[in-house]
file my_file.cif (mmCIF, C-alpha atoms)
data_entry
#
loop_
_atom_site.group_PDB
_atom_site.id
_atom_site.type_symbol
_atom_site.label_atom_id
_atom_site.label_comp_id
_atom_site.auth_asym_id
_atom_site.auth_seq_id
_atom_site.Cartn_x
_atom_site.Cartn_y
_atom_site.Cartn_z
ATOM 1 C CA MET A 1 -21.150 23.431 -19.960
ATOM 2 C CA LYS A 2 -22.501 19.864 -19.884
ATOM 3 C CA THR A 3 -19.235 18.592 -21.313
ATOM 4 C CA LEU A 4 -17.259 20.346 -18.582
ATOM 5 C CA LYS A 5 -19.523 18.822 -15.917
ATOM 6 C CA ARG A 6 -19.030 15.371 -17.454
ATOM 7 C CA ILE A 7 -15.268 15.849 -17.463
ATOM 8 C CA VAL A 8 -15.184 17.016 -13.860
ATOM 9 C CA PHE A 9 -17.532 14.205 -12.800
ATOM 10 C CA THR A 10 -15.476 11.544 -14.620
ATOM 11 C CA LEU A 11 -12.238 12.919 -13.238
ATOM 12 C CA ALA A 12 -13.673 12.987 -9.711
ATOM 13 C CA ILE A 13 -14.747 9.353 -10.012
ATOM 14 C CA VAL A 14 -11.349 8.282 -11.318
ATOM 15 C CA ILE A 15 -9.494 10.106 -8.551
ATOM 16 C CA ALA A 16 -11.843 8.849 -5.839
ATOM 17 C CA THR A 17 -11.510 5.295 -7.124
ATOM 18 C CA THR A 18 -7.734 5.632 -7.139
ATOM 19 C CA PHE A 19 -7.631 6.856 -3.548
ATOM 20 C CA ILE A 20 -10.094 4.243 -2.329
ATOM 21 C CA SER A 21 -8.282 1.379 -4.024
ATOM 22 C CA SER A 22 -4.866 2.575 -2.835
ATOM 23 C CA ALA A 23 -6.100 3.017 0.737
ATOM 24 C CA GLN A 24 -7.360 -0.552 0.989
ATOM 25 C CA PRO A 25 -4.720 -3.062 2.016
ATOM 26 C CA GLN A 26 -3.878 -5.634 -0.561
ATOM 27 C CA ARG A 27 -3.794 -9.253 0.541
ATOM 28 C CA ASP A 28 -0.095 -9.549 -0.226
ATOM 29 C CA GLU A 29 0.623 -6.015 1.068
ATOM 30 C CA HIS A 30 1.893 -4.943 -2.337
ATOM 31 C CA PRO A 31 -0.191 -2.062 -3.643
ATOM 32 C CA ARG A 32 -1.259 -2.025 -7.259
ATOM 33 C CA GLU A 33 1.334 -0.621 -9.627
ATOM 34 C CA LEU A 34 0.826 2.994 -10.595
ATOM 35 C CA PRO A 35 0.432 3.683 -14.290
ATOM 36 C CA ASN A 36 3.445 4.912 -16.220
ATOM 37 C CA ALA A 37 3.361 7.820 -18.674
ATOM 38 C CA ALA A 38 2.340 5.617 -21.614
ATOM 39 C CA GLN A 39 -0.497 4.047 -19.633
ATOM 40 C CA ILE A 40 -1.689 7.471 -18.529
ATOM 41 C CA GLU A 41 -1.729 8.659 -22.139
ATOM 42 C CA LYS A 42 -3.756 5.585 -23.089
ATOM 43 C CA MET A 43 -6.246 6.288 -20.277
ATOM 44 C CA VAL A 44 -6.599 9.880 -21.436
ATOM 45 C CA GLU A 45 -7.065 8.742 -25.033
ATOM 46 C CA HIS A 46 -9.936 6.496 -23.948
ATOM 47 C CA MET A 47 -11.424 9.358 -21.972
ATOM 48 C CA ALA A 48 -10.977 11.677 -24.965
ATOM 49 C CA ILE A 49 -12.984 9.312 -27.135
ATOM 50 C CA ASP A 50 -15.707 8.757 -24.533
ATOM 51 C CA LEU A 51 -16.028 12.442 -23.669
ATOM 52 C CA SER A 52 -15.108 13.993 -27.029
ATOM 53 C CA LEU A 53 -12.266 15.981 -25.505
ATOM 54 C CA SER A 54 -10.479 18.713 -27.393
ATOM 55 C CA GLU A 55 -6.689 18.590 -27.748
ATOM 56 C CA GLU A 56 -6.366 21.302 -25.122
ATOM 57 C CA GLN A 57 -8.530 19.311 -22.706
ATOM 58 C CA LYS A 58 -6.529 16.148 -23.370
ATOM 59 C CA THR A 59 -3.283 17.994 -22.669
ATOM 60 C CA LYS A 60 -4.544 19.514 -19.424
ATOM 61 C CA ILE A 61 -6.182 16.301 -18.188
ATOM 62 C CA SER A 62 -3.069 14.305 -19.032
ATOM 63 C CA ALA A 63 -1.010 16.746 -16.955
ATOM 64 C CA LEU A 64 -3.492 16.397 -14.088
ATOM 65 C CA TYR A 65 -3.251 12.608 -14.192
ATOM 66 C CA LYS A 66 0.543 12.676 -14.250
ATOM 67 C CA ALA A 67 0.682 15.089 -11.312
ATOM 68 C CA HIS A 68 -1.858 12.982 -9.415
ATOM 69 C CA PHE A 69 0.039 9.730 -9.840
ATOM 70 C CA ASN A 70 3.377 11.397 -9.057
ATOM 71 C CA GLU A 71 1.911 12.682 -5.775
ATOM 72 C CA LEU A 72 0.412 9.275 -5.050
ATOM 73 C CA LYS A 73 3.877 7.725 -5.498
ATOM 74 C CA VAL A 74 5.312 10.178 -2.968
ATOM 75 C CA ILE A 75 2.548 9.280 -0.492
ATOM 76 C CA ARG A 76 3.148 5.556 -0.970
ATOM 77 C CA ASP A 77 6.891 5.973 -0.521
ATOM 78 C CA GLU A 78 6.326 7.904 2.717
ATOM 79 C CA GLU A 79 3.935 5.219 3.988
ATOM 80 C CA GLU A 80 6.464 2.490 3.196
ATOM 81 C CA ALA A 81 9.176 4.375 5.088
ATOM 82 C CA LYS A 82 6.861 4.717 8.091
ATOM 83 C CA ARG A 83 6.020 0.993 7.983
ATOM 84 C CA GLU A 84 9.729 0.123 7.963
ATOM 85 C CA GLU A 85 10.389 2.496 10.869
ATOM 86 C CA ILE A 86 7.541 0.983 12.915
ATOM 87 C CA LYS A 87 8.756 -2.539 12.133
ATOM 88 C CA LYS A 88 12.289 -1.709 13.297
ATOM 89 C CA ALA A 89 10.955 -0.167 16.521
ATOM 90 C CA HIS A 90 8.727 -3.192 17.126
ATOM 91 C CA ASP A 91 11.576 -5.625 16.480
ATOM 92 C CA SER A 92 13.855 -3.721 18.858
ATOM 93 C CA PHE A 93 11.162 -3.600 21.555
ATOM 94 C CA ARG A 94 10.509 -7.348 21.167
ATOM 95 C CA ASP A 95 14.237 -8.188 21.320
ATOM 96 C CA GLU A 96 14.638 -6.156 24.513
ATOM 97 C CA PHE A 97 11.645 -7.949 26.032
ATOM 98 C CA PHE A 98 12.989 -11.388 25.102
ATOM 99 C CA SER A 99 16.369 -10.485 26.608
ATOM 100 C CA SER A 100 14.650 -9.446 29.838
ATOM 101 C CA VAL A 101 12.753 -12.737 30.002
ATOM 102 C CA GLU A 102 15.875 -14.790 29.213
ATOM 103 C CA ALA A 103 17.718 -13.018 32.040
ATOM 104 C CA GLU A 104 15.242 -14.651 34.442
ATOM 105 C CA LEU A 105 15.790 -18.163 33.042
ATOM 106 C CA ASP A 106 18.511 -20.741 33.557
ATOM 107 C CA ALA A 107 20.495 -21.988 30.539
ATOM 108 C CA GLU A 108 18.147 -24.902 29.725
ATOM 109 C CA GLN A 109 15.031 -22.747 30.079
ATOM 110 C CA ALA A 110 16.611 -20.071 27.875
ATOM 111 C CA LYS A 111 17.209 -22.665 25.112
ATOM 112 C CA GLU A 112 13.596 -23.856 25.406
ATOM 113 C CA PHE A 113 12.385 -20.254 25.373
ATOM 114 C CA GLU A 114 14.319 -19.577 22.156
ATOM 115 C CA GLU A 115 12.791 -22.697 20.558
ATOM 116 C CA PHE A 116 9.327 -21.649 21.762
ATOM 117 C CA ASN A 117 9.794 -18.211 20.161
ATOM 118 C CA ARG A 118 11.141 -19.703 16.924
ATOM 119 C CA LYS A 119 8.053 -21.939 16.559
ATOM 120 C CA HIS A 120 5.752 -19.065 17.457
ATOM 121 C CA GLN A 121 7.418 -16.883 14.794
ATOM 122 C CA GLU A 122 7.048 -19.624 12.163
ATOM 123 C CA ASN A 123 3.346 -20.022 13.004
ATOM 124 C CA ARG A 124 2.780 -16.268 12.816
ATOM 125 C CA GLU A 125 4.524 -16.041 9.435
ATOM 126 C CA LYS A 126 2.460 -18.967 8.151
ATOM 127 C CA ARG A 127 -0.778 -17.260 9.241
ATOM 128 C CA GLU A 128 0.314 -13.996 7.621
ATOM 129 C CA ASN A 129 1.173 -15.763 4.362
ATOM 130 C CA ASP A 130 -2.115 -17.681 4.347
ATOM 131 C CA GLY A 131 -4.099 -14.450 4.617
ATOM 132 C CA PRO A 132 -6.871 -13.519 7.016
ATOM 133 C CA HIS A 133 -8.969 -16.282 8.490
ATOM 134 C CA ARG A 134 -12.050 -16.213 10.636
ATOM 135 C CA ARG A 135 -11.813 -17.547 14.109
ATOM 136 C CA GLY A 136 -14.614 -19.402 15.766
#

call {"tool": "encode", "arguments": {"input": "my_file.cif", "output": "C-alpha cells"}}
result
Amino acid sequence: MKTLKRIVFTLAIVIATTFISSAQPQRDEHPRELPNAAQIEKMVEHMAIDLSLSEEQKTKISALYKAHFNELKVIRDEEEAKREEIKKAHDSFRDEFFSSVEAELDAEQAKEFEEFNRKHQENREKRENDGPHRRG
C-alpha cells in the first residue's frame, strides 16, 4: 500500500511539474522539447529503480507517460495553431488601420508614415528579441 502511494505521489509530482513548466512561457517562445519514447523509457527505468517497481508497474507507468506526452503534444499543437490564427487576425487588422490612416495623408506624408511604421516595427522586434525589461 505504501509503495502504491509513493508511485501515485511521484507520478502526480511529475505530471504537475510537466504542466507547470509547459504552461510558463519560455523566453524564446519555444517550449521545451517533449521526451521521445526512448527518453520516456529511461525516465521509467530511473523511477523503477527509485521506487522498486515491478515489471507490470513499469509497463503500466510507461504507457501512462507515453499517453500523457502524446496528449501534451496535441495541446501544444492546438495552442500553436491558435497563436498563428491570432497573429494573422492582428496583422490584418493592423494593415487595415494603416491603410485607413494613409488614405488621410498626402503622398509625402504617406511615405513618412511608412518609414515611421518601419522603424517602429524594428524597435518592437528588437525589444522582443532582447527579452523582457523593466521600465522605470

call {"tool": "resolve_selection", "arguments": {"input": "my_file.cif", "expression": "the PyMOL selection byres ((chain A and resi 66-82) around 8)", "output": "ChimeraX atom specification"}}
result
/A:34-35,37,40,62-65,83-86

call {"tool": "atom_distance", "arguments": {"input": "my_file.cif", "atom1": "atom CA of A:Phe116", "atom2": "atom CA of A:Lys87"}}
result
21.4 Å

call {"tool": "resolve_selection", "arguments": {"input": "my_file.cif", "expression": "the PyMOL selection byres ((chain A and resi 58) around 12)", "output": "PyMOL selection string"}}
result
chain A and resi 7+40-57+59-65

call {"tool": "atom_distance", "arguments": {"input": "my_file.cif", "atom1": "atom CA of A:Leu4", "atom2": "atom CA of A:Gln39"}}
result
23.4 Å

call {"tool": "decode", "arguments": {"input": "my_file.cif", "residues": "stretch 91-127 of chain A", "atoms": "N, CA and C atoms", "output": "PDB file, in the first residue's frame"}}
result
ATOM      1  N   ASP A  91      -2.436  41.016 -37.700  1.00  0.00           N
ATOM      2  CA  ASP A  91      -1.747  41.607 -38.845  1.00  0.00           C
ATOM      3  C   ASP A  91      -2.743  42.217 -39.830  1.00  0.00           C
ATOM      4  N   SER A  92      -3.827  41.512 -40.092  1.00  0.00           N
ATOM      5  CA  SER A  92      -4.856  42.011 -41.000  1.00  0.00           C
ATOM      6  C   SER A  92      -5.499  43.288 -40.449  1.00  0.00           C
ATOM      7  N   PHE A  93      -5.819  43.273 -39.170  1.00  0.00           N
ATOM      8  CA  PHE A  93      -6.432  44.430 -38.508  1.00  0.00           C
ATOM      9  C   PHE A  93      -5.491  45.633 -38.581  1.00  0.00           C
ATOM     10  N   ARG A  94      -4.206  45.405 -38.302  1.00  0.00           N
ATOM     11  CA  ARG A  94      -3.204  46.476 -38.351  1.00  0.00           C
ATOM     12  C   ARG A  94      -3.074  47.025 -39.766  1.00  0.00           C
ATOM     13  N   ASP A  95      -3.019  46.145 -40.777  1.00  0.00           N
ATOM     14  CA  ASP A  95      -2.885  46.585 -42.161  1.00  0.00           C
ATOM     15  C   ASP A  95      -4.080  47.434 -42.592  1.00  0.00           C
ATOM     16  N   GLU A  96      -5.283  47.021 -42.185  1.00  0.00           N
ATOM     17  CA  GLU A  96      -6.472  47.812 -42.498  1.00  0.00           C
ATOM     18  C   GLU A  96      -6.396  49.196 -41.849  1.00  0.00           C
ATOM     19  N   PHE A  97      -5.943  49.236 -40.605  1.00  0.00           N
ATOM     20  CA  PHE A  97      -5.798  50.502 -39.892  1.00  0.00           C
ATOM     21  C   PHE A  97      -4.792  51.410 -40.604  1.00  0.00           C
ATOM     22  N   PHE A  98      -3.624  50.855 -40.944  1.00  0.00           N
ATOM     23  CA  PHE A  98      -2.613  51.659 -41.629  1.00  0.00           C
ATOM     24  C   PHE A  98      -3.140  52.183 -42.961  1.00  0.00           C
ATOM     25  N   SER A  99      -3.893  51.382 -43.690  1.00  0.00           N
ATOM     26  CA  SER A  99      -4.474  51.829 -44.949  1.00  0.00           C
ATOM     27  C   SER A  99      -5.442  52.983 -44.725  1.00  0.00           C
ATOM     28  N   SER A 100      -6.217  52.899 -43.650  1.00  0.00           N
ATOM     29  CA  SER A 100      -7.162  53.978 -43.329  1.00  0.00           C
ATOM     30  C   SER A 100      -6.419  55.269 -43.006  1.00  0.00           C
ATOM     31  N   VAL A 101      -5.334  55.165 -42.256  1.00  0.00           N
ATOM     32  CA  VAL A 101      -4.551  56.355 -41.919  1.00  0.00           C
ATOM     33  C   VAL A 101      -3.915  56.927 -43.180  1.00  0.00           C
ATOM     34  N   GLU A 102      -3.313  56.067 -44.000  1.00  0.00           N
ATOM     35  CA  GLU A 102      -2.659  56.540 -45.232  1.00  0.00           C
ATOM     36  C   GLU A 102      -3.641  57.220 -46.165  1.00  0.00           C
ATOM     37  N   ALA A 103      -4.901  56.820 -46.151  1.00  0.00           N
ATOM     38  CA  ALA A 103      -5.912  57.436 -47.004  1.00  0.00           C
ATOM     39  C   ALA A 103      -6.125  58.907 -46.639  1.00  0.00           C
ATOM     40  N   GLU A 104      -5.779  59.270 -45.410  1.00  0.00           N
ATOM     41  CA  GLU A 104      -5.942  60.651 -44.948  1.00  0.00           C
ATOM     42  C   GLU A 104      -4.692  61.497 -45.194  1.00  0.00           C
ATOM     43  N   LEU A 105      -3.632  60.898 -45.705  1.00  0.00           N
ATOM     44  CA  LEU A 105      -2.358  61.593 -45.875  1.00  0.00           C
ATOM     45  C   LEU A 105      -2.083  61.891 -47.345  1.00  0.00           C
ATOM     46  N   ASP A 106      -1.273  62.940 -47.577  1.00  0.00           N
ATOM     47  CA  ASP A 106      -0.829  63.175 -48.953  1.00  0.00           C
ATOM     48  C   ASP A 106       0.333  62.227 -49.248  1.00  0.00           C
ATOM     49  N   ALA A 107       0.858  62.246 -50.453  1.00  0.00           N
ATOM     50  CA  ALA A 107       1.875  61.281 -50.877  1.00  0.00           C
ATOM     51  C   ALA A 107       3.135  61.362 -50.011  1.00  0.00           C
ATOM     52  N   GLU A 108       3.618  62.567 -49.714  1.00  0.00           N
ATOM     53  CA  GLU A 108       4.821  62.724 -48.902  1.00  0.00           C
ATOM     54  C   GLU A 108       4.581  62.232 -47.478  1.00  0.00           C
ATOM     55  N   GLN A 109       3.448  62.586 -46.908  1.00  0.00           N
ATOM     56  CA  GLN A 109       3.116  62.135 -45.551  1.00  0.00           C
ATOM     57  C   GLN A 109       2.995  60.613 -45.500  1.00  0.00           C
ATOM     58  N   ALA A 110       2.430  60.023 -46.546  1.00  0.00           N
ATOM     59  CA  ALA A 110       2.264  58.570 -46.592  1.00  0.00           C
ATOM     60  C   ALA A 110       3.635  57.879 -46.592  1.00  0.00           C
ATOM     61  N   LYS A 111       4.610  58.438 -47.350  1.00  0.00           N
ATOM     62  CA  LYS A 111       5.962  57.881 -47.349  1.00  0.00           C
ATOM     63  C   LYS A 111       6.581  57.979 -45.963  1.00  0.00           C
ATOM     64  N   GLU A 112       6.419  59.136 -45.303  1.00  0.00           N
ATOM     65  CA  GLU A 112       6.956  59.332 -43.963  1.00  0.00           C
ATOM     66  C   GLU A 112       6.275  58.393 -42.954  1.00  0.00           C
ATOM     67  N   PHE A 113       4.977  58.200 -43.139  1.00  0.00           N
ATOM     68  CA  PHE A 113       4.227  57.302 -42.269  1.00  0.00           C
ATOM     69  C   PHE A 113       4.741  55.866 -42.408  1.00  0.00           C
ATOM     70  N   GLU A 114       5.001  55.437 -43.639  1.00  0.00           N
ATOM     71  CA  GLU A 114       5.545  54.099 -43.865  1.00  0.00           C
ATOM     72  C   GLU A 114       6.908  53.949 -43.200  1.00  0.00           C
ATOM     73  N   GLU A 115       7.763  54.972 -43.314  1.00  0.00           N
ATOM     74  CA  GLU A 115       9.080  54.936 -42.674  1.00  0.00           C
ATOM     75  C   GLU A 115       8.935  54.899 -41.155  1.00  0.00           C
ATOM     76  N   PHE A 116       8.023  55.711 -40.629  1.00  0.00           N
ATOM     77  CA  PHE A 116       7.746  55.730 -39.190  1.00  0.00           C
ATOM     78  C   PHE A 116       7.354  54.329 -38.717  1.00  0.00           C
ATOM     79  N   ASN A 117       6.458  53.678 -39.441  1.00  0.00           N
ATOM     80  CA  ASN A 117       5.999  52.335 -39.068  1.00  0.00           C
ATOM     81  C   ASN A 117       7.106  51.299 -39.192  1.00  0.00           C
ATOM     82  N   ARG A 118       7.963  51.438 -40.203  1.00  0.00           N
ATOM     83  CA  ARG A 118       9.071  50.505 -40.381  1.00  0.00           C
ATOM     84  C   ARG A 118      10.018  50.597 -39.183  1.00  0.00           C
ATOM     85  N   LYS A 119      10.371  51.810 -38.769  1.00  0.00           N
ATOM     86  CA  LYS A 119      11.258  51.995 -37.611  1.00  0.00           C
ATOM     87  C   LYS A 119      10.605  51.474 -36.333  1.00  0.00           C
ATOM     88  N   HIS A 120       9.327  51.758 -36.189  1.00  0.00           N
ATOM     89  CA  HIS A 120       8.601  51.287 -35.005  1.00  0.00           C
ATOM     90  C   HIS A 120       8.621  49.757 -34.950  1.00  0.00           C
ATOM     91  N   GLN A 121       8.397  49.111 -36.101  1.00  0.00           N
ATOM     92  CA  GLN A 121       8.413  47.648 -36.168  1.00  0.00           C
ATOM     93  C   GLN A 121       9.796  47.109 -35.819  1.00  0.00           C
ATOM     94  N   GLU A 122      10.849  47.729 -36.319  1.00  0.00           N
ATOM     95  CA  GLU A 122      12.209  47.285 -35.997  1.00  0.00           C
ATOM     96  C   GLU A 122      12.474  47.395 -34.501  1.00  0.00           C
ATOM     97  N   ASN A 123      12.060  48.511 -33.894  1.00  0.00           N
ATOM     98  CA  ASN A 123      12.250  48.700 -32.452  1.00  0.00           C
ATOM     99  C   ASN A 123      11.483  47.651 -31.650  1.00  0.00           C
ATOM    100  N   ARG A 124      10.267  47.359 -32.061  1.00  0.00           N
ATOM    101  CA  ARG A 124       9.453  46.366 -31.364  1.00  0.00           C
ATOM    102  C   ARG A 124      10.103  44.981 -31.459  1.00  0.00           C
ATOM    103  N   GLU A 125      10.582  44.630 -32.653  1.00  0.00           N
ATOM    104  CA  GLU A 125      11.239  43.332 -32.822  1.00  0.00           C
ATOM    105  C   GLU A 125      12.509  43.252 -31.984  1.00  0.00           C
ATOM    106  N   LYS A 126      13.245  44.355 -31.908  1.00  0.00           N
ATOM    107  CA  LYS A 126      14.464  44.374 -31.097  1.00  0.00           C
ATOM    108  C   LYS A 126      14.123  44.154 -29.628  1.00  0.00           C
ATOM    109  N   ARG A 127      13.080  44.834 -29.137  1.00  0.00           N
ATOM    110  CA  ARG A 127      12.668  44.650 -27.738  1.00  0.00           C
ATOM    111  C   ARG A 127      12.231  43.216 -27.484  1.00  0.00           C
TER     112      ARG A 127
END
